[in-house]
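Asker: So here's protein24.cif (mmCIF, C-alpha atoms and all ligand atoms).
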```cif
data_start
#
loop_
_atom_site.label_atom_id
_atom_site.label_comp_id
_atom_site.auth_asym_id
_atom_site.auth_seq_id
_atom_site.Cartn_x
_atom_site.Cartn_y
_atom_site.Cartn_z
CA MET A 19 10.46 21.58 -5.29
CA LYS A 20 11.41 18.90 -7.78
CA LYS A 21 8.53 17.21 -9.58
CA ILE A 22 8.12 13.64 -8.50
CA GLU A 23 6.50 10.48 -9.81
CA ASP A 24 2.82 9.79 -9.90
CA VAL A 25 0.91 7.25 -7.87
CA GLN A 26 2.53 3.82 -7.98
CA SER A 27 0.82 0.73 -9.24
CA ASP A 28 -0.41 -2.06 -6.94
CA THR A 29 2.73 -4.12 -7.55
CA PRO A 30 4.63 -4.62 -4.29
CA SER A 31 7.57 -2.24 -4.35
CA GLU A 32 11.05 -2.90 -3.04
CA THR A 33 9.97 -1.07 0.10
CA SER A 34 7.37 -3.69 0.73
CA SER A 35 9.14 -6.82 -0.26
CA LYS A 36 10.53 -7.73 3.16
CA THR A 37 8.63 -10.23 5.18
CA ALA A 38 8.95 -11.04 8.88
CA SER A 39 8.16 -14.68 8.46
CA ASN A 40 6.35 -16.90 6.03
CA ILE A 41 3.53 -18.00 8.26
CA THR A 42 0.49 -18.98 6.20
CA LYS A 43 -2.82 -19.89 7.66
CA PRO A 44 -4.04 -23.42 6.98
CA GLU A 45 -7.08 -23.78 4.72
CA THR A 46 -10.23 -24.24 6.81
CA SER A 47 -13.10 -23.50 4.44
CA GLY A 48 -15.13 -25.96 2.36
CA LYS A 49 -17.57 -28.80 2.90
CA ILE A 50 -16.54 -31.30 5.57
CA THR A 51 -16.29 -34.63 3.82
CA LYS A 52 -15.54 -37.92 5.59
CA LYS A 53 -12.02 -37.74 4.26
CA LYS A 54 -11.53 -34.22 5.57
CA LYS A 55 -12.89 -35.24 8.97
CA LYS A 56 -10.45 -38.13 9.10
CA ASN A 57 -7.58 -35.80 8.18
CA ARG A 58 -8.60 -33.34 10.85
CA ASN A 59 -8.70 -36.01 13.52
CA GLN A 60 -5.31 -37.19 12.39
CA LYS A 61 -4.04 -33.59 12.60
CA LYS A 62 -5.46 -33.22 16.10
CA ARG A 63 -3.67 -36.38 17.21
CA GLN A 64 -0.43 -35.02 15.73
CA LEU A 65 -0.90 -31.74 17.58
CA ARG A 66 -1.49 -33.50 20.88
CA LYS A 67 1.73 -35.43 20.29
CA LEU A 68 3.61 -32.25 19.40
CA LYS A 69 2.36 -30.53 22.55
CA LYS A 70 3.48 -33.47 24.67
CA GLN A 71 6.89 -33.36 23.01
CA LEU A 72 7.16 -29.64 23.69
CA ILE A 73 6.54 -30.15 27.36
CA GLU A 74 8.99 -33.05 27.59
CA ASN A 75 11.73 -31.39 25.53
CA HIS A 76 11.68 -28.25 27.60
CA ASN A 77 11.20 -29.67 31.07
CA ILE A 78 8.08 -27.69 31.72
CA ASP A 79 6.64 -28.82 35.02
CA SER A 80 3.02 -28.37 35.98
CA SER A 81 3.78 -25.26 38.07
CA GLY A 82 5.33 -23.66 34.98
CA ASP A 83 8.56 -23.00 36.90
CA GLU A 84 10.76 -23.34 33.88
CA TYR A 85 10.37 -20.77 31.12
CA TYR A 86 11.40 -20.48 27.55
CA SER A 87 13.67 -17.72 26.40
CA THR A 88 11.81 -15.23 24.23
CA HIS A 89 13.30 -16.53 21.03
CA GLU A 90 12.60 -20.20 21.69
CA TRP A 91 9.10 -19.32 22.77
CA PHE A 92 8.41 -17.45 19.55
CA GLU A 93 9.84 -20.22 17.41
CA GLU A 94 7.68 -22.82 19.13
CA GLU A 95 4.59 -20.69 18.73
CA LYS A 96 5.31 -20.28 15.06
CA ALA A 97 5.78 -24.03 14.72
CA LEU A 98 2.44 -24.68 16.41
CA TYR A 99 0.78 -22.14 14.15
CA ASN A 100 2.21 -23.82 11.10
CA GLU A 101 1.05 -27.16 12.43
CA GLY A 102 -2.53 -25.98 12.19
CA TYR A 103 -3.36 -24.12 15.38
CA ASP A 104 -5.29 -20.92 14.70
CA ASP A 105 -3.31 -19.19 17.38
CA GLY A 106 0.09 -20.48 18.38
CA TYR A 107 -0.22 -18.57 21.64
CA GLN A 108 -3.28 -20.52 22.69
CA ALA A 109 -1.44 -23.74 21.93
CA GLY A 110 1.52 -22.48 23.96
CA LEU A 111 -0.81 -21.59 26.83
CA ASP A 112 -2.27 -25.08 26.75
CA ALA A 113 1.23 -26.47 26.93
CA GLY A 114 2.02 -24.25 29.93
CA LEU A 115 4.74 -22.27 28.17
CA TYR A 116 4.64 -18.82 29.71
CA GLU A 117 7.19 -16.07 29.51
CA ARG A 118 7.37 -13.99 32.69
CA ARG A 119 7.36 -10.25 32.11
CA ASP A 120 7.67 -7.34 34.48
CA ILE A 121 4.48 -5.45 35.06
CA VAL A 122 4.39 -1.73 34.19
CA TYR A 123 1.66 0.75 35.11
CA TYR A 124 1.61 4.40 34.06
CA ASN A 125 -1.12 6.94 34.81
CA ASP A 126 -2.98 4.04 36.48
CA GLU A 127 -3.04 2.13 33.21
CA LEU A 128 -1.56 -1.33 32.82
CA LEU A 129 0.94 -1.27 29.95
CA THR A 130 2.35 -4.79 29.99
CA HIS A 131 -0.32 -7.24 29.06
CA ASP A 132 -0.87 -10.91 28.77
CA TYR A 133 -3.91 -12.26 26.98
CA ASP A 134 -6.09 -12.28 30.10
CA SER A 135 -5.31 -8.70 31.11
CA LEU A 136 -5.92 -7.23 27.65
CA PRO A 137 -9.11 -5.15 27.35
CA SER A 138 -11.68 -7.30 25.54
CA ASN A 139 -11.98 -5.04 22.48
CA VAL A 140 -8.29 -5.47 21.67
CA LYS A 141 -7.88 -9.15 22.54
CA LYS A 142 -8.10 -9.90 18.82
CA PHE A 143 -4.76 -8.13 18.35
CA TRP A 144 -2.91 -10.39 20.79
CA SER A 145 -1.97 -12.91 18.10
CA ARG A 146 -0.28 -10.05 16.21
CA ARG A 147 1.95 -8.99 19.09
CA TYR A 148 5.20 -10.23 17.52
CA ASP A 149 4.23 -8.52 14.27
CA LEU A 150 3.95 -5.28 16.20
CA PHE A 151 7.19 -5.83 18.10
CA SER A 152 9.42 -8.86 17.60
CA ARG A 153 10.84 -8.13 21.07
CA PHE A 154 7.38 -8.04 22.63
CA ASP A 155 8.41 -10.44 25.38
CA ASP A 156 11.26 -8.18 26.47
CA GLY A 157 8.72 -5.88 28.11
CA ILE A 158 7.01 -3.84 25.38
CA CYS A 159 4.50 -1.35 26.80
CA LEU A 160 1.21 -0.57 25.06
CA ASN A 161 -2.06 0.83 26.28
CA GLU A 162 -5.44 -0.07 24.82
CA VAL A 163 -5.37 2.53 22.01
CA LEU A 164 -1.83 1.66 21.02
CA TRP A 165 -2.71 -1.98 20.50
CA TYR A 166 -4.51 -0.94 17.32
CA SER A 167 -2.59 2.21 16.38
CA VAL A 168 1.04 1.15 16.49
CA THR A 169 2.78 0.62 13.13
CA PRO A 170 3.84 -3.06 12.82
CA GLU A 171 7.58 -3.61 12.98
CA VAL A 172 8.27 -4.78 9.41
CA THR A 173 6.14 -1.94 8.01
CA ALA A 174 7.96 0.59 10.18
CA GLU A 175 11.28 -0.89 9.11
CA ASN A 176 10.32 -0.58 5.43
CA ILE A 177 9.31 3.03 5.96
CA ALA A 178 12.61 3.82 7.70
CA ASP A 179 14.53 2.05 4.88
CA TYR A 180 12.67 4.05 2.27
CA LEU A 181 13.40 7.36 3.96
CA TYR A 182 17.00 6.33 4.57
CA LYS A 183 17.43 5.65 0.85
CA LEU A 184 16.06 9.10 0.08
CA ASN A 185 18.70 10.68 2.27
CA PRO A 186 21.27 8.49 4.01
CA ASP A 187 22.91 11.63 5.43
CA ALA A 188 19.79 12.69 7.29
CA LYS A 189 20.56 13.26 10.96
CA ASN A 190 17.63 14.87 12.71
CA ILE A 191 14.30 13.17 12.27
CA LEU A 192 11.00 14.19 13.77
CA ASP A 193 8.46 11.45 14.44
CA LEU A 194 5.34 13.50 14.97
CA CYS A 195 2.50 11.66 16.76
CA CYS A 196 4.88 8.91 17.85
CA GLY A 197 2.25 6.77 19.63
CA GLY A 198 3.94 3.70 21.10
CA GLY A 199 7.16 4.16 19.16
CA GLY A 200 6.64 1.61 16.36
CA ASN A 201 8.14 4.03 13.83
CA THR A 202 10.41 5.83 16.30
CA ILE A 203 12.35 2.65 17.07
CA GLN A 204 13.03 1.92 13.40
CA PHE A 205 14.11 5.51 12.72
CA ALA A 206 16.41 5.40 15.74
CA LEU A 207 17.97 2.17 14.44
CA LYS A 208 18.94 4.02 11.22
CA PHE A 209 19.40 7.70 11.99
CA GLU A 210 21.43 9.69 14.50
CA ASN A 211 18.79 11.71 16.37
CA VAL A 212 15.10 11.08 16.56
CA MET A 213 12.74 13.46 18.24
CA ALA A 214 9.37 11.99 19.17
CA ILE A 215 6.34 14.15 19.92
CA ASP A 216 2.96 13.08 21.20
CA ILE A 217 0.15 14.84 23.01
CA ASN A 218 -0.52 11.81 25.21
CA SER A 219 1.89 11.30 28.11
CA THR A 220 1.14 7.57 28.38
CA HIS A 221 1.90 7.08 24.70
CA LEU A 222 5.11 9.02 25.08
CA HIS A 223 6.04 6.90 28.09
CA CYS A 224 5.49 3.78 25.95
CA THR A 225 7.70 5.22 23.19
CA ARG A 226 10.51 5.92 25.66
CA HIS A 227 10.19 2.53 27.29
CA ASN A 228 9.94 0.63 23.99
CA CYS A 229 12.98 2.45 22.59
CA GLU A 230 14.86 1.22 25.68
CA VAL A 231 13.75 -2.33 24.93
CA TYR A 232 15.30 -1.96 21.45
CA GLU A 233 18.39 -0.32 22.98
CA VAL A 234 18.01 2.93 21.04
CA GLY A 235 17.03 5.14 23.98
CA ASP A 236 20.24 7.16 23.59
CA LYS A 237 19.14 8.37 20.12
CA LEU A 238 15.82 9.64 21.39
CA LEU A 239 14.46 13.00 22.49
CA THR A 240 10.82 13.12 23.56
CA LEU A 241 8.44 16.01 23.92
CA GLN A 242 4.88 15.96 25.16
CA GLY A 243 2.70 18.56 23.49
CA ASP A 244 -0.08 19.46 21.11
CA TRP A 245 1.43 19.85 17.65
CA ASN A 246 -1.13 22.53 16.77
CA GLN A 247 0.44 24.65 19.53
CA LEU A 248 4.07 23.58 19.13
CA ALA A 249 4.03 24.34 15.40
CA LYS A 250 3.40 28.02 16.13
CA ASN A 251 7.03 28.68 17.06
CA PHE A 252 10.52 27.19 17.08
CA LYS A 253 11.22 27.58 20.82
CA TRP A 254 10.98 23.87 21.56
CA VAL A 255 13.52 22.75 18.91
CA PRO A 256 16.31 21.34 21.07
CA PHE A 257 19.36 21.85 18.85
CA GLU A 258 21.16 24.47 16.74
CA TYR A 259 20.05 24.83 13.13
CA GLU A 260 20.23 27.33 10.33
CA THR A 261 17.04 26.91 8.37
CA LYS A 262 14.70 23.94 8.63
CA PRO A 263 15.67 22.00 11.76
CA PHE A 264 14.62 18.53 10.65
CA ASP A 265 15.95 16.50 7.72
CA PHE A 266 12.52 14.97 7.51
CA ILE A 267 9.29 14.78 9.41
CA PHE A 268 7.29 11.59 9.52
CA CYS A 269 3.77 11.73 10.86
CA SER A 270 1.24 8.98 11.39
CA PRO A 271 -1.74 11.10 12.46
CA PRO A 272 -4.86 9.67 14.10
CA TRP A 273 -7.37 8.40 11.51
CA GLY A 274 -10.28 8.57 13.91
CA GLY A 275 -10.16 5.11 15.51
CA THR A 276 -10.75 1.72 13.94
CA ASP A 277 -13.94 2.73 12.08
CA TYR A 278 -12.47 5.47 9.85
CA ASP A 279 -14.00 5.80 6.36
CA ARG A 280 -12.55 2.95 4.31
CA SER A 281 -14.24 3.96 1.05
CA SER A 282 -13.15 7.59 0.80
CA PHE A 283 -11.14 9.14 3.59
CA ASP A 284 -11.56 12.91 3.85
CA VAL A 285 -8.08 14.29 4.52
CA TYR A 286 -9.48 17.81 4.94
CA ASP A 287 -11.72 16.62 7.73
CA MET A 288 -8.98 14.80 9.68
CA GLU A 289 -8.88 15.52 13.40
CA PRO A 290 -6.95 17.13 15.02
CA PHE A 291 -5.11 18.28 11.87
CA SER A 292 -6.62 18.80 8.44
CA LEU A 293 -4.12 17.93 5.71
CA PRO A 294 -3.39 21.48 4.48
CA ASP A 295 -2.80 22.69 8.06
CA LEU A 296 -0.55 19.74 8.83
CA LEU A 297 1.48 20.31 5.66
CA HIS A 298 1.83 24.06 6.30
CA GLN A 299 2.98 23.34 9.85
CA CYS A 300 5.47 20.62 8.90
CA TYR A 301 6.88 22.61 5.99
CA LYS A 302 7.98 25.29 8.46
CA PHE A 303 10.27 22.72 10.06
CA SER A 304 11.40 20.53 7.15
CA ASN A 305 11.47 20.34 3.36
CA ASN A 306 10.78 16.63 3.51
CA ILE A 307 7.52 15.32 4.84
CA ALA A 308 6.11 11.79 4.90
CA LEU A 309 2.57 11.12 6.07
CA TYR A 310 1.10 7.70 6.84
CA LEU A 311 -2.51 7.81 5.67
CA PRO A 312 -5.43 5.48 4.90
CA LYS A 313 -5.30 3.88 1.45
CA SER A 314 -8.77 5.32 0.87
CA SER A 315 -7.42 8.89 1.15
CA ASN A 316 -9.10 11.22 -1.32
CA ILE A 317 -6.55 11.81 -4.10
CA GLY A 318 -8.29 14.94 -5.35
CA GLN A 319 -7.83 16.44 -1.90
CA LEU A 320 -4.16 15.39 -1.82
CA ASN A 321 -3.71 17.30 -5.08
CA SER A 322 -5.45 20.40 -3.89
CA ALA A 323 -3.64 20.40 -0.52
CA SER A 324 -0.33 20.08 -2.39
CA GLU A 325 -1.24 22.94 -4.64
CA GLU A 326 -2.34 25.06 -1.71
CA VAL A 327 0.87 24.52 0.28
CA PHE A 328 3.56 23.99 -2.36
CA GLY A 329 1.96 25.72 -5.35
CA ASP A 330 1.91 22.51 -7.40
CA ALA A 331 -0.50 19.58 -7.28
CA ASP A 332 2.18 17.17 -8.52
CA THR A 333 4.76 17.54 -5.81
CA TYR A 334 4.15 14.32 -3.98
CA ARG A 335 4.62 10.62 -4.40
CA ILE A 336 2.46 7.86 -3.01
CA GLU A 337 4.01 4.64 -1.73
CA ASN A 338 1.77 1.68 -1.04
CA ILE A 339 2.52 0.21 2.36
CA TYR A 340 2.06 -3.56 2.44
CA ASP A 341 1.61 -5.99 5.28
CA LYS A 342 4.29 -8.54 6.13
CA THR A 343 3.22 -10.86 3.30
CA GLY A 344 3.89 -8.09 0.78
CA LYS A 345 0.47 -8.70 -0.77
CA ARG A 346 -2.09 -6.68 1.17
CA ILE A 347 -1.95 -2.89 1.14
CA LEU A 348 -2.28 -1.59 4.70
CA ALA A 349 -2.00 2.11 4.09
CA ILE A 350 -0.25 4.66 1.92
CA MET A 351 2.71 6.87 2.67
CA VAL A 352 2.50 10.22 0.95
CA VAL A 353 5.91 11.81 0.53
CA TRP A 354 6.63 15.43 -0.22
CA ALA A 355 10.37 15.71 -0.62
CA ASN A 356 12.80 17.84 -2.55
CA LEU A 357 15.07 14.79 -2.67
CA VAL A 358 13.02 12.36 -4.76
C1 LIG A 401 -1.82 6.49 14.89
S1 LIG A 401 -1.06 6.96 16.38
C2 LIG A 401 0.63 6.90 15.95
C3 LIG A 401 1.21 5.51 15.99
C4 LIG A 401 2.72 5.48 15.89
N1 LIG A 401 3.22 5.75 14.58
C5 LIG A 401 3.26 4.14 16.36
O1 LIG A 401 3.86 3.38 15.59
O2 LIG A 401 3.06 3.82 17.54
C6 LIG A 401 -1.42 8.69 16.46
C7 LIG A 401 -0.86 9.42 17.66
O3 LIG A 401 -1.13 10.84 17.50
C8 LIG A 401 -1.20 11.41 18.79
N2 LIG A 401 -1.82 12.75 18.70
C9 LIG A 401 -3.13 13.01 18.52
N3 LIG A 401 -3.31 14.34 18.49
C10 LIG A 401 -2.12 14.94 18.64
C11 LIG A 401 -1.67 16.30 18.69
N4 LIG A 401 -2.54 17.31 18.61
N5 LIG A 401 -0.35 16.55 18.84
C12 LIG A 401 0.53 15.52 18.97
N6 LIG A 401 0.16 14.21 18.93
C13 LIG A 401 -1.13 13.92 18.77
C14 LIG A 401 -2.02 10.37 19.56
O4 LIG A 401 -1.84 10.53 20.95
C15 LIG A 401 -1.48 9.06 19.02
O5 LIG A 401 -0.48 8.54 19.85
#
```
Is it possible to give me this structure as structure tokens?
Answerer:
Amino acid sequence: MKKIEDVQSDTPSETSSKTASNITKPETSGKITKKKKKNRNQKKRQLRKLKKQLIENHNIDSSGDEYYSTHEWFEEEKALYNEGYDDGYQAGLDAGLYERRDIVYYNDELLTHDYDSLPSNVKKFWSRRYDLFSRFDDGICLNEVLWYSVTPEVTAENIADYLYKLNPDAKNILDLCCGGGGNTIQFALKFENVMAIDINSTHLHCTRHNCEVYEVGDKLLTLQGDWNQLAKNFKWVPFEYETKPFDFIFCSPPWGGTDYDRSSFDVYDMEPFSLPDLLHQCYKFSNNIALYLPKSSNIGQLNSASEEVFGDADTYRIENIYDKTGKRILAIMVVWANLV
């Protein structure tokens, strides 16, 4: 395997430079002086006026019979946010601007939410819904766990771009642990065939459904199963191949919920796959592996796992994965590839 570059610096890379929008939160901190109070009241008056205008301009009647199209709705929300509302959605709700969506249940779980139907522990993620999926209003399905595990759209797009640049001729991609399809969709938008595997049938249902929303369902093959079992043989691989069936494998494994160790993440102790096991398993199926891991991942362990599996501690590259502003590191992507 070709030796590849060391850990990158904190400077946003090309991979991370794209932004979904330039929404910036208004300043709220600081002592409230008379002048500030006056400004705030003025702002509130402006907002009330803006809300009134929204209702008038779009013929919203009190029964809410007339609805925005998804795009208009999103633009208005963004405008309200920029005008000073903490949450454009709340402002939209106040103005009676609802988007009707079909309701989907699977395994007795509601998968299409509005703010009220969201489980309380994930309500805080509601304001991020268009970051997760810009087409959220077209019927995106997520269960409670997926609300905090899905890879946000711009991040997933950057990851797909990065892997595309490594090998534009790649055809067969495996998205292992596909969750709600955040990454799967972006791979399917770029590559010919994407196979998505998850142990959880509800998650897999969301992936299928969400790929349909993004009109890439025809690129997708899904398989429900436990990777620790599947990796034991090649029987499940659905197409002809000579050596390694997949051009690359991407995996965003579970980190152990929202309270994973943010100071030093033990990649040997990951459940249900420890890093060396996961690498051994993936290497059977592809020469190119990309793992989405916490930024606190223990680098010493990355080195020793690399050495254990590939015989060289230096065979990987770490890409910082930034949020949509390109400033905050969300996670790292560790890439073992004979192409870089
Ligand atoms: C962090 S989420 C992946 C999120 C995904 N990248 C997305 O954008 O939606 C991890 C996923 O791993 C799946 N998973 C956990 N254990 C698994 C196993 N043994 N085999 C296959 N999938 C597994 C979980 O069901 C979960 O959907």
Asker: Name the closest residue to ligand LIG 401 (chain A) among the candidates A:Trp273, A:Tyr133, A:Phe252, A:Phe205; distances are taken between atoms, counting all atoms listed in the file.
Answerer: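 Comparing A:Trp273, A:Tyr133, A:Phe252, A:Phe205 against ligand LIG 401 (chain A), the winner is A:Trp273.
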Asker: I'd like the interatomic distance between atom CA of Glu127 of chain A and atom CA of Cys159 of chain A, to a tenth of an Å.
Answerer: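 Computing it gives 10.5 Å between the two atoms.
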Asker: Ligand LIG 401 (chain A): which residues are within 6 Å, counting only C-alpha atoms and all ligand atoms? Reply as a PyMOL selection string.
Answerer: chain A and resi 167-169+195-201+216-218+221+243-246+270-272+290
Asker: What gap, in Å, lies between atom CA of Tyr278 of chain A and atom CA of Leu241 of chain A?
Answerer: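 Interatomic distance, atom CA of Tyr278 of chain A to atom CA of Leu241 of chain A: 27.3 Å.
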Asker: Expressed in Å to a single decimal, how great is the separation between atom CA of Leu222 of chain A and atom CA of Gln204 of chain A?
Answerer: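 Separation of atom CA of Leu222 of chain A and atom CA of Gln204 of chain A: 15.8 Å.
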Asker: Could you check the closest approach to Trp354 of chain A for each of A:Ile121, A:Leu320, A:Leu160, A:Ala308 and tell me which residue wins, using only C-alpha atoms?
Answerer: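 Closest to Trp354 of chain A, using only C-alpha atoms: A:Ala308.
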Asker: Choose the residue, out of A:Met213, A:Arg153, A:Ser315, A:Ser281, that has the smallest atom-to-atom separation from Ile267 of chain A; count only C-alpha atoms.
Answerer: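 Distance minimum relative to Ile267 of chain A lands on A:Met213.
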Asker: So, counting only C-alpha atoms, which residue among A:Glu258, A:Gln319, A:Tyr232, A:Ser135 is closest to Met288 of chain A?
Answerer: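 Among the listed residues, A:Gln319 lies closest to Met288 of chain A.
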Asker: Which one is closest to Val212 of chain A: A:Ala188, A:Leu164, A:Val231, A:Val352? Count only C-alpha atoms.
Answerer: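 Using only C-alpha atoms, the shortest distance to Val212 of chain A belongs to A:Ala188.
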Asker: Considering all atoms listed in the file, return as a count of residues only whatever protein or nucleic-acid residues lie within 12 Å of Lys208 of chain A, sequence-local ones (same chain, fewer than 3 positions apart) excluded.
Answerer: 26
Asker: Which polymer residues, whether protein, DNA or RNA, lie within 10 Å of the coordinate (-6.7, 5.2, -0.6) when you count all atoms listed in the file? List them as a PyMOL selection string, using the chain letters and numbers from the file.
Answerer: chain A and resi 280-283+311-317+336+338+347-350
Asker: May I have the residues within 12 Å of Leu296 of chain A as a compact mmCIF listing (two decimals) with C-alpha atoms, keeping the file's coordinate frame, using only C-alpha atoms and disregarding those fewer than 4 positions away in the same chain?
Answerer:
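In the end it all went to part.txt:
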```
# COMPACT_ATOMS: atom_id res chain seq x y z
CA LEU A 194 5.34 13.50 14.97
CA CYS A 195 2.50 11.66 16.76
CA TRP A 245 1.43 19.85 17.65
CA ASN A 246 -1.13 22.53 16.77
CA GLN A 247 0.44 24.65 19.53
CA LEU A 248 4.07 23.58 19.13
CA ALA A 249 4.03 24.34 15.40
CA LYS A 250 3.40 28.02 16.13
CA ILE A 267 9.29 14.78 9.41
CA PHE A 268 7.29 11.59 9.52
CA CYS A 269 3.77 11.73 10.86
CA SER A 270 1.24 8.98 11.39
CA PRO A 271 -1.74 11.10 12.46
CA VAL A 285 -8.08 14.29 4.52
CA TYR A 286 -9.48 17.81 4.94
CA ASP A 287 -11.72 16.62 7.73
CA MET A 288 -8.98 14.80 9.68
CA GLU A 289 -8.88 15.52 13.40
CA PRO A 290 -6.95 17.13 15.02
CA PHE A 291 -5.11 18.28 11.87
CA SER A 292 -6.62 18.80 8.44
CA CYS A 300 5.47 20.62 8.90
CA TYR A 301 6.88 22.61 5.99
CA LYS A 302 7.98 25.29 8.46
CA PHE A 303 10.27 22.72 10.06
CA ILE A 307 7.52 15.32 4.84
CA ALA A 308 6.11 11.79 4.90
CA LEU A 309 2.57 11.12 6.07
CA ALA A 323 -3.64 20.40 -0.52
CA SER A 324 -0.33 20.08 -2.39
CA GLU A 326 -2.34 25.06 -1.71
CA VAL A 327 0.87 24.52 0.28
```
Asker: Output, as lines of an AutoDock Vina configuration file, the centre and edge lengths in Å (one decimal) of the axis-aligned box that contains all listed atoms of segment 212-226 of chain A with 4 Å of margin on each side.
Answerer:
```
center_x = 7.3
center_y = 9.3
center_z = 22.5
size_x = 23.6
size_y = 19.1
size_z = 19.8
```
Asker: Taking all atoms listed in the file into account, name the residue in A:Leu184, A:Val172, A:Leu238, A:Leu150 that is nearest to Thr225 of chain A.
Answerer: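 Of all the options, A:Leu238 lies closest to Thr225 of chain A.
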Asker: Rebuild segment 211-225 of chain A to N, CA and C atoms - output it as a PDB file, keeping the file's coordinate frame, please.
Answerer:
```
ATOM      1  N   ASN A 211      19.643  11.126  15.322  1.00  0.00           N
ATOM      2  CA  ASN A 211      18.790  11.710  16.370  1.00  0.00           C
ATOM      3  C   ASN A 211      17.331  11.639  15.963  1.00  0.00           C
ATOM      4  N   VAL A 212      16.531  11.116  16.843  1.00  0.00           N
ATOM      5  CA  VAL A 212      15.100  11.080  16.560  1.00  0.00           C
ATOM      6  C   VAL A 212      14.367  11.811  17.676  1.00  0.00           C
ATOM      7  N   MET A 213      13.582  12.787  17.261  1.00  0.00           N
ATOM      8  CA  MET A 213      12.740  13.460  18.240  1.00  0.00           C
ATOM      9  C   MET A 213      11.325  12.925  18.093  1.00  0.00           C
ATOM     10  N   ALA A 214      10.718  12.575  19.206  1.00  0.00           N
ATOM     11  CA  ALA A 214       9.370  11.990  19.170  1.00  0.00           C
ATOM     12  C   ALA A 214       8.415  12.884  19.938  1.00  0.00           C
ATOM     13  N   ILE A 215       7.327  13.258  19.282  1.00  0.00           N
ATOM     14  CA  ILE A 215       6.340  14.150  19.920  1.00  0.00           C
ATOM     15  C   ILE A 215       4.993  13.445  19.970  1.00  0.00           C
ATOM     16  N   ASP A 216       4.337  13.572  21.108  1.00  0.00           N
ATOM     17  CA  ASP A 216       2.960  13.080  21.200  1.00  0.00           C
ATOM     18  C   ASP A 216       2.238  13.909  22.257  1.00  0.00           C
ATOM     19  N   ILE A 217       0.955  14.059  22.057  1.00  0.00           N
ATOM     20  CA  ILE A 217       0.150  14.840  23.010  1.00  0.00           C
ATOM     21  C   ILE A 217      -0.147  14.023  24.269  1.00  0.00           C
ATOM     22  N   ASN A 218      -0.076  12.707  24.143  1.00  0.00           N
ATOM     23  CA  ASN A 218      -0.520  11.810  25.210  1.00  0.00           C
ATOM     24  C   ASN A 218       0.689  11.320  26.011  1.00  0.00           C
ATOM     25  N   SER A 219       0.695  11.624  27.313  1.00  0.00           N
ATOM     26  CA  SER A 219       1.890  11.300  28.110  1.00  0.00           C
ATOM     27  C   SER A 219       2.079   9.787  28.257  1.00  0.00           C
ATOM     28  N   THR A 220       0.991   9.037  28.277  1.00  0.00           N
ATOM     29  CA  THR A 220       1.140   7.570  28.380  1.00  0.00           C
ATOM     30  C   THR A 220       1.768   7.020  27.107  1.00  0.00           C
ATOM     31  N   HIS A 221       1.324   7.544  25.967  1.00  0.00           N
ATOM     32  CA  HIS A 221       1.900   7.080  24.700  1.00  0.00           C
ATOM     33  C   HIS A 221       3.398   7.413  24.655  1.00  0.00           C
ATOM     34  N   LEU A 222       3.707   8.617  25.103  1.00  0.00           N
ATOM     35  CA  LEU A 222       5.110   9.020  25.080  1.00  0.00           C
ATOM     36  C   LEU A 222       5.951   8.139  26.022  1.00  0.00           C
ATOM     37  N   HIS A 223       5.349   7.790  27.156  1.00  0.00           N
ATOM     38  CA  HIS A 223       6.040   6.900  28.090  1.00  0.00           C
ATOM     39  C   HIS A 223       6.313   5.545  27.402  1.00  0.00           C
ATOM     40  N   CYS A 224       5.318   5.063  26.663  1.00  0.00           N
ATOM     41  CA  CYS A 224       5.490   3.780  25.950  1.00  0.00           C
ATOM     42  C   CYS A 224       6.619   3.924  24.921  1.00  0.00           C
ATOM     43  N   THR A 225       6.645   5.025  24.189  1.00  0.00           N
ATOM     44  CA  THR A 225       7.700   5.220  23.190  1.00  0.00           C
ATOM     45  C   THR A 225       9.080   5.167  23.853  1.00  0.00           C
TER      46      THR A 225
END
```
